[in-house]
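Engineer: Just final27.tsv, nothing more (TSV, C-alpha atoms):
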chain	number	residue	atom	x	y	z
A	1	MET	CA	45.81	-44.40	54.11
A	2	GLY	CA	43.26	-46.88	55.36
A	3	SER	CA	44.19	-46.23	59.00
A	4	LEU	CA	43.37	-42.52	58.69
A	5	LYS	CA	40.12	-42.89	56.78
A	6	GLY	CA	37.28	-41.65	58.96
A	7	GLU	CA	39.66	-39.73	61.24
A	8	PRO	CA	38.10	-36.45	62.44
A	9	LEU	CA	40.18	-33.31	62.00
A	10	THR	CA	39.72	-30.06	63.93
A	11	LEU	CA	40.74	-26.68	62.54
A	12	LYS	CA	43.69	-25.24	64.45
A	13	SER	CA	44.56	-22.28	62.23
A	14	LYS	CA	43.92	-20.72	58.86
A	15	GLY	CA	47.11	-19.74	57.07
A	16	GLU	CA	48.29	-18.18	53.88
A	17	THR	CA	46.68	-18.40	50.47
A	18	VAL	CA	48.87	-20.18	47.93
A	19	THR	CA	48.47	-20.31	44.17
A	20	VAL	CA	48.95	-23.68	42.51
A	21	ASN	CA	49.68	-23.72	38.77
A	22	TRP	CA	49.56	-26.79	36.54
A	23	LYS	CA	48.70	-28.10	33.10
A	24	GLN	CA	45.60	-30.13	32.42
A	25	GLY	CA	44.43	-31.32	29.03
A	26	SER	CA	47.45	-29.91	27.20
A	27	VAL	CA	48.93	-31.47	24.09
A	28	LEU	CA	52.69	-31.96	24.43
A	29	GLY	CA	52.77	-29.08	26.90
A	30	PHE	CA	50.84	-26.61	24.75
A	31	GLY	CA	47.75	-25.07	26.31
A	32	GLY	CA	45.87	-26.34	29.32
A	33	ASP	CA	47.32	-23.82	31.79
A	34	ARG	CA	45.38	-23.95	35.06
A	35	SER	CA	45.68	-21.98	38.26
A	36	GLN	CA	43.81	-22.22	41.56
A	37	ASN	CA	44.13	-20.49	44.92
A	38	TYR	CA	44.12	-22.64	48.04
A	39	VAL	CA	44.02	-21.65	51.70
A	40	LEU	CA	46.58	-23.62	53.67
A	41	CYS	CA	45.00	-24.61	56.97
A	42	GLU	CA	46.38	-26.55	59.89
A	43	TYR	CA	44.12	-29.22	61.34
A	44	THR	CA	44.76	-31.56	64.25
A	45	THR	CA	43.87	-35.23	64.54
A	46	SER	CA	42.14	-36.73	67.56
A	47	ARG	CA	45.65	-37.66	68.78
A	48	GLY	CA	46.84	-34.03	68.53
A	49	ASN	CA	48.99	-34.44	65.42
A	50	SER	CA	49.10	-31.49	63.01
A	51	VAL	CA	47.97	-32.07	59.43
A	52	PRO	CA	48.18	-29.48	56.63
A	53	VAL	CA	45.02	-29.23	54.51
A	54	TYR	CA	44.82	-27.15	51.34
A	55	ILE	CA	41.27	-25.87	50.81
A	56	GLN	CA	40.24	-24.55	47.41
A	57	GLY	CA	39.55	-20.81	47.32
A	58	GLY	CA	35.82	-20.11	47.53
A	59	TYR	CA	35.15	-23.26	49.57
A	60	ASP	CA	33.96	-22.90	53.15
A	61	ILE	CA	36.66	-23.75	55.67
A	62	PRO	CA	35.02	-26.26	58.00
A	63	ARG	CA	35.77	-26.20	61.70
A	64	GLU	CA	35.60	-30.01	61.63
A	65	LEU	CA	36.60	-32.18	58.68
A	66	VAL	CA	36.63	-35.95	58.30
A	67	ILE	CA	39.22	-37.75	56.20
A	68	ASP	CA	36.93	-39.27	53.59
A	69	SER	CA	36.30	-39.46	49.85
A	70	ARG	CA	35.93	-35.66	49.57
A	71	LEU	CA	39.69	-35.33	50.13
A	72	GLN	CA	42.78	-36.26	48.18
A	73	TYR	CA	46.25	-36.56	49.64
A	74	GLY	CA	49.88	-36.28	48.73
A	75	THR	CA	53.31	-36.40	50.34
A	76	GLN	CA	56.27	-34.14	49.87
A	77	ASP	CA	59.49	-34.15	51.90
A	78	ASN	CA	57.94	-36.76	54.22
A	79	VAL	CA	54.96	-34.52	54.97
A	80	LEU	CA	51.48	-35.95	54.45
A	81	PHE	CA	48.97	-33.31	53.37
A	82	PHE	CA	45.35	-33.27	52.24
A	83	VAL	CA	43.58	-31.28	49.56
A	84	TYR	CA	39.90	-30.37	49.69
A	85	HIS	CA	38.93	-29.20	46.21
A	86	ASP	CA	37.13	-29.93	42.97
A	87	LYS	CA	38.57	-33.38	42.25
A	88	SER	CA	38.21	-32.91	38.49
A	89	GLN	CA	41.31	-30.72	38.80
A	90	THR	CA	44.50	-32.73	38.44
A	91	PRO	CA	47.57	-30.86	39.73
A	92	TYR	CA	50.62	-32.87	40.70
A	93	GLN	CA	51.35	-33.29	44.42
A	94	GLU	CA	54.61	-31.41	43.97
A	95	ARG	CA	52.74	-28.21	43.07
A	96	PHE	CA	51.52	-27.83	46.66
A	97	ARG	CA	54.67	-28.20	48.74
A	98	CYS	CA	57.77	-27.31	46.75
A	99	ASN	CA	61.24	-27.86	48.10
A	100	GLY	CA	64.15	-25.60	47.09
A	101	LEU	CA	65.23	-27.68	44.09
A	102	GLN	CA	61.69	-27.87	42.74
A	103	LYS	CA	61.24	-24.11	43.09
A	104	PHE	CA	64.46	-23.63	41.12
A	105	VAL	CA	63.34	-26.06	38.38
A	106	TYR	CA	59.92	-24.37	38.11
A	107	ALA	CA	61.59	-20.93	37.89
A	108	ALA	CA	63.95	-22.20	35.17
A	109	ASN	CA	60.97	-23.66	33.30
A	110	ASP	CA	59.17	-20.29	33.53
A	111	LEU	CA	62.20	-18.57	31.96
A	112	LEU	CA	62.34	-21.19	29.19
A	113	LYS	CA	58.64	-20.71	28.60
A	114	LEU	CA	59.05	-16.93	28.30
A	115	ALA	CA	62.16	-17.07	26.11
A	116	LYS	CA	61.34	-20.00	23.82
A	117	GLY	CA	57.67	-20.75	24.39
A	118	ILE	CA	58.60	-24.24	25.60
A	119	ASP	CA	56.96	-25.59	28.74
A	120	VAL	CA	58.14	-28.92	30.12
A	121	SER	CA	56.39	-28.71	33.50
A	122	TRP	CA	53.77	-31.24	32.41
A	123	MET	CA	56.31	-34.03	31.92
A	124	ALA	CA	56.86	-35.27	35.48
A	125	GLY	CA	55.03	-35.49	38.75
A	126	ASN	CA	52.70	-37.54	40.91
A	127	TYR	CA	48.98	-36.92	40.95
A	128	LEU	CA	47.08	-36.47	44.18
A	129	VAL	CA	45.59	-39.72	45.50
A	130	ASP	CA	41.96	-40.31	46.45
A	131	VAL	CA	41.36	-41.18	50.10
Represent the structure of the file as structure tokens.
Structural biologist:
Amino acid sequence: MGSLKGEPLTLKSKGETVTVNWKQGSVLGFGGDRSQNYVLCEYTTSRGNSVPVYIQGGYDIPRELVIDSRLQYGTQDNVLFFVYHDKSQTPYQERFRCNGLQKFVYAANDLLKLAKGIDVSWMAGNYLVDV
């Protein structure tokens, strides 16, 4: 990440709003349900590369953004993405960019949660990383 720190990003487009759900502060999966809307924006680097940036709902979407300590990052399916949000929130990276298998597992977990009251979504994942 060191090579991208300080890199200026320019807003290319503002995309869809996505809802990210996670557990924070739960005890063995009970309680701690959190949810936050993020606007998925596409930024470009000074070299013209596209970079997805998730910006917390209610935050201003800056025309220019610098990769610095205000951001966190994650990777999913070989895609590097950044998150601009309240860093006291701790969703797993996988909550932002789900592949087909993960979507299936989350849907199965939701059914288990409804039917049996058991939620295992808190058990595995990788936290976002500070820049």
Engineer: Would you work out the distance separating CA of Thr44 in chain A from CA of Val66 in chain A, expressed in Å to one decimal?
Structural biologist: 11.0 Å
Engineer: Compare A:Leu65, A:Val20, A:Leu9, A:Val39 by their minimum atom-to-atom distance to Val51 in chain A, counting only C-alpha atoms, and give me the closest one.
Structural biologist: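 Among A:Leu65, A:Val20, A:Leu9, A:Val39, it is A:Leu9 that comes nearest to Val51 in chain A.
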Engineer: Could you work out how far CA of Asp130 in chain A lies from CA of Gln93 in chain A, giving the answer in Å with one decimal?
Structural biologist: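 Here the two named atoms are 11.9 Å from each other.
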Engineer: Measuring atom to atom with only C-alpha atoms, identify which of A:Lys12, A:Asp33, A:Ser50, A:Gly25 is nearest to Arg63 in chain A.
Structural biologist: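 Ranking A:Lys12, A:Asp33, A:Ser50, A:Gly25 by distance to Arg63 in chain A, first place goes to A:Lys12.
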Engineer: Work out how far CA of Ser13 in chain A is from CA of Phe81 in chain A, in Å to one decimal.
Structural biologist: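 CA of Phe81 in chain A sits 14.8 Å away from CA of Ser13 in chain A.
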Engineer: Please provide as a count of residues only all residues within 7 Å of range 72-79 of chain A, with the sequence filter that same-chain residues fewer than 3 positions apart are discarded (counting all atoms listed in the file).
Structural biologist: 10
Engineer: Quick one: residues within 12 Å of Glu16 in chain A, only C-alpha atoms counted, chain neighbours fewer than 6 positions away excluded, as an mmCIF file with C-alpha atoms, in the coordinates of the input?
Structural biologist:
data_model
loop_
_atom_site.group_PDB
_atom_site.id
_atom_site.type_symbol
_atom_site.label_atom_id
_atom_site.label_comp_id
_atom_site.auth_asym_id
_atom_site.auth_seq_id
_atom_site.Cartn_x
_atom_site.Cartn_y
_atom_site.Cartn_z
ATOM 1 C CA ASN A 37 44.130 -20.490 44.920
ATOM 2 C CA TYR A 38 44.120 -22.640 48.040
ATOM 3 C CA VAL A 39 44.020 -21.650 51.700
ATOM 4 C CA LEU A 40 46.580 -23.620 53.670
ATOM 5 C CA CYS A 41 45.000 -24.610 56.970
ATOM 6 C CA GLU A 42 46.380 -26.550 59.890
ATOM 7 C CA PRO A 52 48.180 -29.480 56.630
ATOM 8 C CA VAL A 53 45.020 -29.230 54.510
ATOM 9 C CA TYR A 54 44.820 -27.150 51.340
ATOM 10 C CA ILE A 55 41.270 -25.870 50.810
ATOM 11 C CA GLY A 57 39.550 -20.810 47.320
#
Engineer: Using only C-alpha atoms, which residue out of A:Ser3, A:Asn49, A:Gln24, A:Thr19 lies closest to Tyr92 in chain A?
Structural biologist: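 Once distances to Tyr92 in chain A are computed over only C-alpha atoms, the minimum belongs to A:Gln24.
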Engineer: In terms of the shortest atom-to-atom distance over only C-alpha atoms, which of A:Ile61, A:Arg95, A:Arg70, A:Lys87 is closest to Lys14 in chain A?
Structural biologist: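 Selected residue with least distance to Lys14 in chain A: A:Ile61.
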Engineer: Select, from A:Glu7, A:Lys23, A:Gly15, A:Pro91, the residue with the minimum atom-to-atom distance to Ser69 in chain A, counting all atoms listed in the file.
Structural biologist: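 Using all atoms listed in the file, the shortest distance to Ser69 in chain A belongs to A:Glu7.
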Engineer: Which residue out of A:Gly125, A:Gly32, A:Ser88, A:Thr45 has the minimum interatomic distance to Ile67 in chain A when all atoms listed in the file are used?
Structural biologist: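 Closest residue, counting all atoms listed in the file: A:Thr45.
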